>>> print(open('input29.cif').read())   # mmCIF, C-alpha atoms
data_run
loop_
_atom_site.group_PDB
_atom_site.id
_atom_site.type_symbol
_atom_site.label_atom_id
_atom_site.label_comp_id
_atom_site.auth_asym_id
_atom_site.auth_seq_id
_atom_site.Cartn_x
_atom_site.Cartn_y
_atom_site.Cartn_z
ATOM 1 C CA MET A 333 23.702 -17.829 -21.193
ATOM 2 C CA SER A 334 21.793 -17.609 -24.423
ATOM 3 C CA LYS A 335 22.712 -20.183 -27.001
ATOM 4 C CA LYS A 336 22.598 -17.471 -29.663
ATOM 5 C CA PHE A 337 25.786 -15.961 -28.245
ATOM 6 C CA PHE A 338 28.007 -19.007 -28.385
ATOM 7 C CA LEU A 339 26.730 -21.144 -31.245
ATOM 8 C CA LEU A 340 27.875 -19.241 -34.311
ATOM 9 C CA ILE A 341 28.047 -20.306 -37.918
ATOM 10 C CA LEU A 342 31.639 -21.082 -38.854
ATOM 11 C CA THR A 343 33.006 -20.359 -42.296
ATOM 12 C CA GLY A 344 36.107 -21.235 -44.240
ATOM 13 C CA ILE A 345 39.246 -22.916 -42.969
ATOM 14 C CA VAL A 346 40.794 -21.805 -39.684
ATOM 15 C CA SER A 347 43.660 -19.404 -40.251
ATOM 16 C CA GLY A 348 46.197 -21.741 -38.688
ATOM 17 C CA ILE A 349 45.426 -24.584 -41.093
ATOM 18 C CA ILE A 350 47.126 -23.508 -44.318
ATOM 19 C CA ILE A 351 48.579 -25.176 -47.358
ATOM 20 C CA ALA A 352 52.159 -25.932 -46.483
ATOM 21 C CA CYS A 353 55.408 -26.921 -48.121
ATOM 22 C CA GLY A 354 56.529 -29.481 -45.532
ATOM 23 C CA PRO A 355 53.798 -32.092 -45.477
ATOM 24 C CA SER A 356 52.449 -33.775 -48.570
ATOM 25 C CA GLU A 357 49.873 -31.912 -50.604
ATOM 26 C CA GLU A 358 47.574 -34.925 -50.415
ATOM 27 C CA LYS A 359 47.619 -34.897 -46.614
ATOM 28 C CA VAL A 360 46.957 -31.154 -46.444
ATOM 29 C CA THR A 361 44.020 -31.532 -48.836
ATOM 30 C CA GLN A 362 42.648 -34.352 -46.726
ATOM 31 C CA ALA A 363 42.855 -32.208 -43.593
ATOM 32 C CA GLN A 364 41.150 -29.281 -45.299
ATOM 33 C CA GLN A 365 38.324 -31.490 -46.588
ATOM 34 C CA LYS A 366 37.808 -32.949 -43.140
ATOM 35 C CA TYR A 367 37.674 -29.481 -41.608
ATOM 36 C CA ARG A 368 35.076 -28.412 -44.159
ATOM 37 C CA GLU A 369 33.009 -31.437 -43.147
ATOM 38 C CA LEU A 370 33.424 -30.476 -39.496
ATOM 39 C CA ILE A 371 32.266 -26.886 -39.886
ATOM 40 C CA GLU A 372 29.360 -28.008 -42.085
ATOM 41 C CA THR A 373 28.193 -30.393 -39.363
ATOM 42 C CA HIS A 374 28.731 -27.692 -36.731
ATOM 43 C CA ASN A 375 26.551 -25.311 -38.718
ATOM 44 C CA GLN A 376 23.823 -27.941 -39.018
ATOM 45 C CA VAL A 377 23.833 -28.243 -35.238
ATOM 46 C CA VAL A 378 23.606 -24.449 -34.884
ATOM 47 C CA ALA A 379 20.566 -24.314 -37.171
ATOM 48 C CA ALA A 380 18.868 -27.254 -35.473
ATOM 49 C CA HIS A 381 19.611 -25.929 -31.984
ATOM 50 C CA GLU A 382 17.888 -22.649 -32.774
ATOM 51 C CA GLU A 383 14.645 -24.544 -33.408
ATOM 52 C CA ILE A 384 14.287 -25.946 -29.891
ATOM 53 C CA ALA A 385 13.468 -24.231 -26.603
ATOM 54 C CA ASP A 386 15.291 -26.767 -24.424
ATOM 55 C CA ALA A 387 18.614 -25.382 -23.150
ATOM 56 C CA SER A 388 19.913 -28.586 -21.562
ATOM 57 C CA LEU A 389 22.594 -29.082 -24.229
ATOM 58 C CA ASP A 390 23.999 -25.550 -24.056
ATOM 59 C CA GLU A 391 27.036 -26.215 -21.870
ATOM 60 C CA GLU A 392 27.970 -29.368 -23.755
ATOM 61 C CA LEU A 393 27.804 -27.567 -27.094
ATOM 62 C CA VAL A 394 29.919 -24.718 -25.739
ATOM 63 C CA ALA A 395 32.565 -27.254 -24.736
ATOM 64 C CA LEU A 396 32.392 -28.934 -28.132
ATOM 65 C CA LYS A 397 32.848 -25.641 -29.959
ATOM 66 C CA GLY A 398 35.857 -24.992 -27.722
ATOM 67 C CA LEU A 399 37.476 -28.132 -29.112
ATOM 68 C CA VAL A 400 36.833 -26.877 -32.637
ATOM 69 C CA ASP A 401 38.438 -23.548 -31.752
ATOM 70 C CA GLU A 402 41.548 -25.354 -30.559
ATOM 71 C CA LEU A 403 42.191 -26.407 -34.139
ATOM 72 C CA LYS A 404 43.253 -22.829 -34.841
ATOM 73 C CA ALA A 405 46.464 -23.535 -32.955
ATOM 74 C CA HIS A 406 47.577 -26.069 -35.560
ATOM 75 C CA ASN A 407 49.861 -24.933 -38.361
ATOM 76 C CA LEU A 408 50.119 -27.650 -40.972
ATOM 77 C CA ASN A 409 53.234 -25.975 -42.346
ATOM 78 C CA GLU A 410 55.127 -27.097 -39.269
ATOM 79 C CA MET A 411 53.718 -30.628 -39.072
ATOM 80 C CA GLU A 412 54.579 -34.017 -40.485
ATOM 81 C CA ASP A 413 52.010 -36.193 -42.238
ATOM 82 C CA GLU A 414 51.712 -38.412 -39.154
ATOM 83 C CA GLU A 415 50.922 -35.393 -36.989
ATOM 84 C CA ILE A 416 48.309 -34.235 -39.453
ATOM 85 C CA ASP A 417 46.739 -37.694 -39.216
ATOM 86 C CA VAL A 418 46.275 -37.084 -35.491
ATOM 87 C CA VAL A 419 44.519 -33.794 -36.239
ATOM 88 C CA ILE A 420 42.298 -35.501 -38.831
ATOM 89 C CA ASN A 421 41.380 -38.194 -36.320
ATOM 90 C CA SER A 422 40.451 -35.487 -33.820
ATOM 91 C CA MET A 423 38.240 -33.826 -36.401
ATOM 92 C CA ASP A 424 36.643 -37.204 -37.178
ATOM 93 C CA SER A 425 35.739 -37.559 -33.506
ATOM 94 C CA LEU A 426 34.282 -34.051 -33.427
ATOM 95 C CA VAL A 427 32.178 -34.758 -36.509
ATOM 96 C CA VAL A 428 30.798 -37.889 -34.838
ATOM 97 C CA SER A 429 30.037 -35.912 -31.678
ATOM 98 C CA TYR A 430 28.201 -33.235 -33.641
ATOM 99 C CA GLN A 431 26.201 -35.893 -35.485
ATOM 100 C CA GLU A 432 25.194 -37.396 -32.143
ATOM 101 C CA TYR A 433 24.038 -33.977 -30.974
ATOM 102 C CA LEU A 434 22.040 -33.577 -34.156
ATOM 103 C CA GLN A 435 20.129 -36.717 -33.197
ATOM 104 C CA LYS A 436 19.671 -35.537 -29.618
ATOM 105 C CA ILE A 437 18.336 -32.218 -30.865
ATOM 106 C CA ALA A 438 15.997 -33.998 -33.282
ATOM 107 C CA ASP A 439 14.653 -36.095 -30.390
ATOM 108 C CA ILE A 440 14.145 -32.994 -28.240
ATOM 109 C CA LYS A 441 12.369 -31.195 -31.070
ATOM 110 C CA ALA A 442 10.052 -34.161 -31.605
ATOM 111 C CA ALA A 443 9.256 -34.252 -27.887
ATOM 112 C CA GLU A 444 8.581 -30.504 -27.812
ATOM 113 C CA GLU A 445 6.270 -30.737 -30.785
ATOM 114 C CA ALA A 446 4.483 -33.734 -29.292
ATOM 115 C CA ALA A 447 3.907 -31.885 -26.043
ATOM 116 C CA VAL A 448 1.924 -29.136 -27.729
ATOM 117 C CA LEU A 449 -1.699 -29.133 -26.592
ATOM 118 C CA VAL A 450 -4.552 -28.390 -28.979
ATOM 119 C CA ASP A 451 -7.254 -26.178 -27.464
ATOM 120 C CA ILE A 452 -10.784 -27.245 -28.399
ATOM 121 C CA PRO A 453 -13.693 -24.970 -27.348
ATOM 122 C CA VAL A 454 -16.646 -26.850 -25.846
ATOM 123 C CA THR A 455 -20.292 -25.817 -25.515
ATOM 124 C CA LEU A 456 -22.831 -27.743 -23.425
ATOM 125 C CA PHE A 457 -26.585 -27.658 -24.070
ATOM 126 C CA ASN A 458 -28.775 -29.079 -21.307
ATOM 127 C CA ASP A 459 -31.472 -31.018 -23.139
ATOM 128 C CA ALA A 460 -32.210 -33.142 -20.094
ATOM 129 C CA SER A 461 -35.080 -32.545 -17.669
ATOM 130 C CA ILE A 462 -32.552 -32.156 -14.883
ATOM 131 C CA SER A 463 -30.957 -29.160 -13.226
ATOM 132 C CA PHE A 464 -27.316 -29.678 -12.382
ATOM 133 C CA THR A 465 -25.662 -28.123 -9.362
ATOM 134 C CA SER A 466 -22.142 -29.059 -10.405
ATOM 135 C CA VAL A 467 -20.413 -29.270 -13.780
ATOM 136 C CA SER A 468 -16.772 -30.351 -14.083
ATOM 137 C CA LEU A 469 -14.746 -30.940 -17.234
ATOM 138 C CA TYR A 470 -11.253 -32.384 -16.777
ATOM 139 C CA GLU A 471 -8.681 -34.658 -18.349
ATOM 140 C CA LYS A 472 -8.996 -38.334 -17.437
ATOM 141 C CA GLY A 473 -6.578 -39.124 -14.606
ATOM 142 C CA ASP A 474 -6.412 -35.524 -13.431
ATOM 143 C CA SER A 475 -6.987 -35.419 -9.678
ATOM 144 C CA SER A 476 -7.904 -31.729 -9.731
ATOM 145 C CA LYS A 477 -11.428 -30.984 -10.876
ATOM 146 C CA GLU A 478 -13.389 -27.822 -10.365
ATOM 147 C CA ASN A 479 -17.054 -26.990 -10.519
ATOM 148 C CA VAL A 480 -17.408 -24.377 -13.259
ATOM 149 C CA LEU A 481 -20.710 -23.184 -11.814
ATOM 150 C CA ILE A 482 -20.276 -20.292 -9.390
ATOM 151 C CA ASN A 483 -22.380 -18.785 -6.614
ATOM 152 C CA GLU A 484 -24.526 -21.913 -6.271
ATOM 153 C CA ALA A 485 -25.883 -21.413 -9.779
ATOM 154 C CA LEU A 486 -27.812 -24.152 -11.559
ATOM 155 C CA PHE A 487 -27.325 -25.482 -15.053
ATOM 156 C CA ALA A 488 -31.010 -25.771 -15.815
ATOM 157 C CA PRO A 489 -32.841 -27.539 -18.659
ATOM 158 C CA GLY A 490 -32.733 -25.580 -21.901
ATOM 159 C CA GLU A 491 -29.659 -23.606 -20.884
ATOM 160 C CA THR A 492 -26.405 -23.406 -22.835
ATOM 161 C CA MET A 493 -22.974 -23.226 -21.258
ATOM 162 C CA GLU A 494 -20.120 -21.779 -23.309
ATOM 163 C CA GLY A 495 -16.459 -20.998 -22.712
ATOM 164 C CA LEU A 496 -15.342 -24.485 -21.645
ATOM 165 C CA MET A 497 -12.137 -25.905 -23.097
ATOM 166 C CA ILE A 498 -10.702 -29.344 -23.802
ATOM 167 C CA GLN A 499 -6.968 -29.638 -24.441
ATOM 168 C CA ARG A 500 -6.121 -32.568 -26.688
ATOM 169 C CA ASP A 501 -2.629 -34.003 -26.227
ATOM 170 C CA VAL A 502 -0.545 -36.230 -28.494
ATOM 171 C CA ASP A 503 -1.983 -39.346 -26.799
ATOM 172 C CA ASP A 504 -5.590 -38.230 -27.368
ATOM 173 C CA THR A 505 -6.235 -38.629 -23.644
ATOM 174 C CA PRO A 506 -10.017 -38.698 -23.019
ATOM 175 C CA TRP A 507 -11.696 -36.010 -20.936
ATOM 176 C CA ILE A 508 -14.383 -36.468 -18.308
ATOM 177 C CA LEU A 509 -17.618 -34.526 -18.018
ATOM 178 C CA GLU A 510 -18.920 -34.914 -14.458
ATOM 179 C CA LEU A 511 -22.372 -33.638 -13.542
ATOM 180 C CA MET A 512 -24.267 -33.668 -10.249
ATOM 181 C CA ASP A 513 -27.994 -33.087 -9.939
ATOM 182 C CA GLU A 514 -29.960 -31.515 -7.106
ATOM 183 C CA GLU A 515 -30.392 -34.914 -5.447
ATOM 184 C CA GLY A 516 -26.633 -35.355 -5.221
ATOM 185 C CA THR A 517 -26.494 -38.013 -7.951
ATOM 186 C CA LYS A 518 -23.304 -37.882 -9.985
ATOM 187 C CA TYR A 519 -23.113 -38.669 -13.690
ATOM 188 C CA THR A 520 -19.719 -39.297 -15.266
ATOM 189 C CA ILE A 521 -19.274 -39.283 -19.026
ATOM 190 C CA GLU A 522 -16.023 -40.009 -20.855
ATOM 191 C CA ILE A 523 -15.365 -37.870 -23.934
ATOM 192 C CA PRO A 524 -12.967 -39.237 -26.598
ATOM 193 C CA THR A 525 -10.802 -36.470 -28.018
ATOM 194 C CA ALA A 526 -9.250 -38.072 -31.100
ATOM 195 C CA ASP A 527 -12.001 -36.958 -33.479
ATOM 196 C CA LEU A 528 -12.729 -33.553 -32.002
ATOM 197 C CA GLU A 529 -12.174 -30.670 -34.395
ATOM 198 C CA GLN A 530 -10.090 -27.704 -33.266
ATOM 199 C CA THR A 531 -12.960 -25.425 -34.278
ATOM 200 C CA GLY A 532 -14.925 -26.696 -31.295
ATOM 201 C CA LYS A 533 -17.725 -29.030 -30.312
ATOM 202 C CA THR A 534 -21.254 -28.630 -28.931
ATOM 203 C CA PHE A 535 -22.486 -31.485 -26.746
ATOM 204 C CA LYS A 536 -26.189 -31.987 -26.105
ATOM 205 C CA ILE A 537 -26.840 -33.444 -22.653
ATOM 206 C CA SER A 538 -29.812 -35.795 -22.449
ATOM 207 C CA TYR A 539 -31.260 -38.217 -19.892
ATOM 208 C CA ASN A 540 -31.956 -41.852 -20.767
ATOM 209 C CA ALA A 541 -34.879 -42.917 -18.587
ATOM 210 C CA GLU A 542 -34.357 -46.617 -19.344
ATOM 211 C CA THR A 543 -30.723 -46.702 -18.201
ATOM 212 C CA GLU A 544 -31.185 -43.810 -15.765
ATOM 213 C CA LYS A 545 -27.983 -42.316 -17.146
ATOM 214 C CA VAL A 546 -27.079 -38.951 -18.554
ATOM 215 C CA GLU A 547 -25.697 -39.067 -22.078
ATOM 216 C CA ILE A 548 -24.145 -36.584 -24.481
ATOM 217 C CA LEU A 549 -24.517 -36.357 -28.240
#
>>> encode(input="input29.cif", output="C-alpha cells")
Amino acid sequence: MSKKFFLLILTGIVSGIIIACGPSEEKVTQAQQKYRELIETHNQVVAAHEEIADASLDEELVALKGLVDELKAHNLNEMEDEEIDVVINSMDSLVVSYQEYLQKIADIKAAEEAAVLVDIPVTLFNDASISFTSVSLYEKGDSSKENVLINEALFAPGETMEGLMIQRDVDDTPWILELMDEEGTKYTIEIPTADLEQTGKTFKISYNAETEKVEIL
C-alpha cells in the first residue's frame, strides 16, 4: 500500500463537530481549537512522511488516521461539557502520538541521508619500477575484494589505470589499495577518504627502496 493513498492532508473541522446550543460556547471553542491543532500536526506528519523512503511506519500511521476519522462521529450539539472534555483529551493524546511520529520520521530521514554514499572516481598511475599482476581497491573491513586486472594483464610501469571508484560513507571509512607484484609480494596501502574531493583523485604509485614498500602520493 502506498503511503500517498492513505496519508492525506486534512482541512477544516470535521462535519460532526459543530457549534452547538447545549454545551458552553467556551467548551466548544476549546474543542475546535484542539482539533485544528490535531489536523495541523497530522498534516506536518504527512509532509514529513513523503520525504522518506522507509515504509515501516505506514500501518501505524493508517491506524492513527483511523482514530482521527472516528472524531467525525461526535456531535458536540448532543454532548455535555464533561463529554467534550473526554473528546479533547482524546485529541490531546492523538497530537502527542503524531508529535512522536514526527520525531521518528526525522530520525529515519537523518539515517537515510547519512547512508548516502559519495562516489569518488580514482585514477592510478604506476610510477614504480614494478609490474603488478593484481590490483584490488576495496573498503576497509570488506571481505570481498576483486582483482580489477583481467586476462592475466599486467599493470606495468608508466601505465595509467582509470575507471576505479571509491565510495565515501558518513563515517569516512578508509579504503584499501592492495597490489601484488610478479614475485607474489603483496603491498597494502590504506587510503583515507575524509579529504577526497568528489571530483576524483589521481594516485601516483611509487616504490621506496629504503623501506621496500610501495607508496601512493
>>> atom_distance(input="input29.cif", atom1="CA of Thr531 (chain A)", atom2="CA of Leu509 (chain A)")
19.2 Å
>>> residues_around(input="input29.cif", residues="Glu544 (chain A)", least_positions_apart="2", cutoff="12 Å", atoms="all atoms listed in the file", output="VMD selection string")
chain A and resid 460 462 517 to 519 538 to 542 546 to 547
>>> residues_around(input="input29.cif", residues="Phe487 (chain A)", least_positions_apart="2", cutoff="10 Å", atoms="all atoms listed in the file", output="NGL selection string")
:A and (456-458 or 462-467 or 481 or 484-485 or 489-493 or 511-513)
>>> atom_distance(input="input29.cif", atom1="CA of Glu494 (chain A)", atom2="CA of Thr455 (chain A)")
4.6 Å
>>> closest_residue(input="input29.cif", among="A:Thr525, A:Thr373, A:Gln499, A:Asn407", to="Ser429 (chain A)", atoms="all atoms listed in the file")
A:Thr373
>>> closest_residue(input="input29.cif", among="A:Ser475, A:Asp503, A:Glu369, A:Leu469", to="Glu522 (chain A)", atoms="all atoms listed in the file")
A:Leu469
>>> decode(input="input29.cif", residues="region 405-421 of chain A", atoms="N, CA and C atoms", output="tab-separated table (two decimals), in the first residue's frame")
chain	number	residue	atom	x	y	z
A	405	ALA	N	-17.69	11.09	14.23
A	405	ALA	CA	-18.92	10.55	14.82
A	405	ALA	C	-19.44	11.41	15.98
A	406	HIS	N	-18.63	12.33	16.45
A	406	HIS	CA	-19.02	13.14	17.60
A	406	HIS	C	-19.81	14.37	17.15
A	407	ASN	N	-20.93	14.60	17.79
A	407	ASN	CA	-21.74	15.78	17.54
A	407	ASN	C	-21.81	16.57	18.84
A	408	LEU	N	-21.08	17.66	18.89
A	408	LEU	CA	-20.99	18.43	20.13
A	408	LEU	C	-22.35	18.97	20.56
A	409	ASN	N	-23.26	19.08	19.62
A	409	ASN	CA	-24.60	19.59	19.93
A	409	ASN	C	-25.36	18.67	20.88
A	410	GLU	N	-24.95	17.42	20.91
A	410	GLU	CA	-25.65	16.43	21.73
A	410	GLU	C	-24.84	16.03	22.96
A	411	MET	N	-23.79	16.79	23.26
A	411	MET	CA	-22.88	16.39	24.34
A	411	MET	C	-22.86	17.42	25.46
A	412	GLU	N	-22.53	16.94	26.64
A	412	GLU	CA	-22.32	17.83	27.78
A	412	GLU	C	-20.85	18.26	27.81
A	413	ASP	N	-20.57	19.29	28.58
A	413	ASP	CA	-19.19	19.77	28.68
A	413	ASP	C	-18.23	18.67	29.11
A	414	GLU	N	-18.66	17.83	30.06
A	414	GLU	CA	-17.79	16.76	30.55
A	414	GLU	C	-17.47	15.75	29.44
A	415	GLU	N	-18.44	15.50	28.57
A	415	GLU	CA	-18.22	14.58	27.47
A	415	GLU	C	-17.27	15.19	26.44
A	416	ILE	N	-17.40	16.48	26.25
A	416	ILE	CA	-16.49	17.16	25.33
A	416	ILE	C	-15.06	17.12	25.87
A	417	ASP	N	-14.93	17.19	27.19
A	417	ASP	CA	-13.60	17.09	27.81
A	417	ASP	C	-12.94	15.76	27.45
A	418	VAL	N	-13.74	14.70	27.40
A	418	VAL	CA	-13.21	13.39	27.04
A	418	VAL	C	-12.70	13.41	25.60
A	419	VAL	N	-13.46	14.05	24.72
A	419	VAL	CA	-13.05	14.16	23.32
A	419	VAL	C	-11.76	14.97	23.21
A	420	ILE	N	-11.68	16.06	23.97
A	420	ILE	CA	-10.48	16.91	23.94
A	420	ILE	C	-9.26	16.13	24.43
A	421	ASN	N	-9.47	15.33	25.48
A	421	ASN	CA	-8.36	14.52	25.99
A	421	ASN	C	-7.90	13.51	24.94
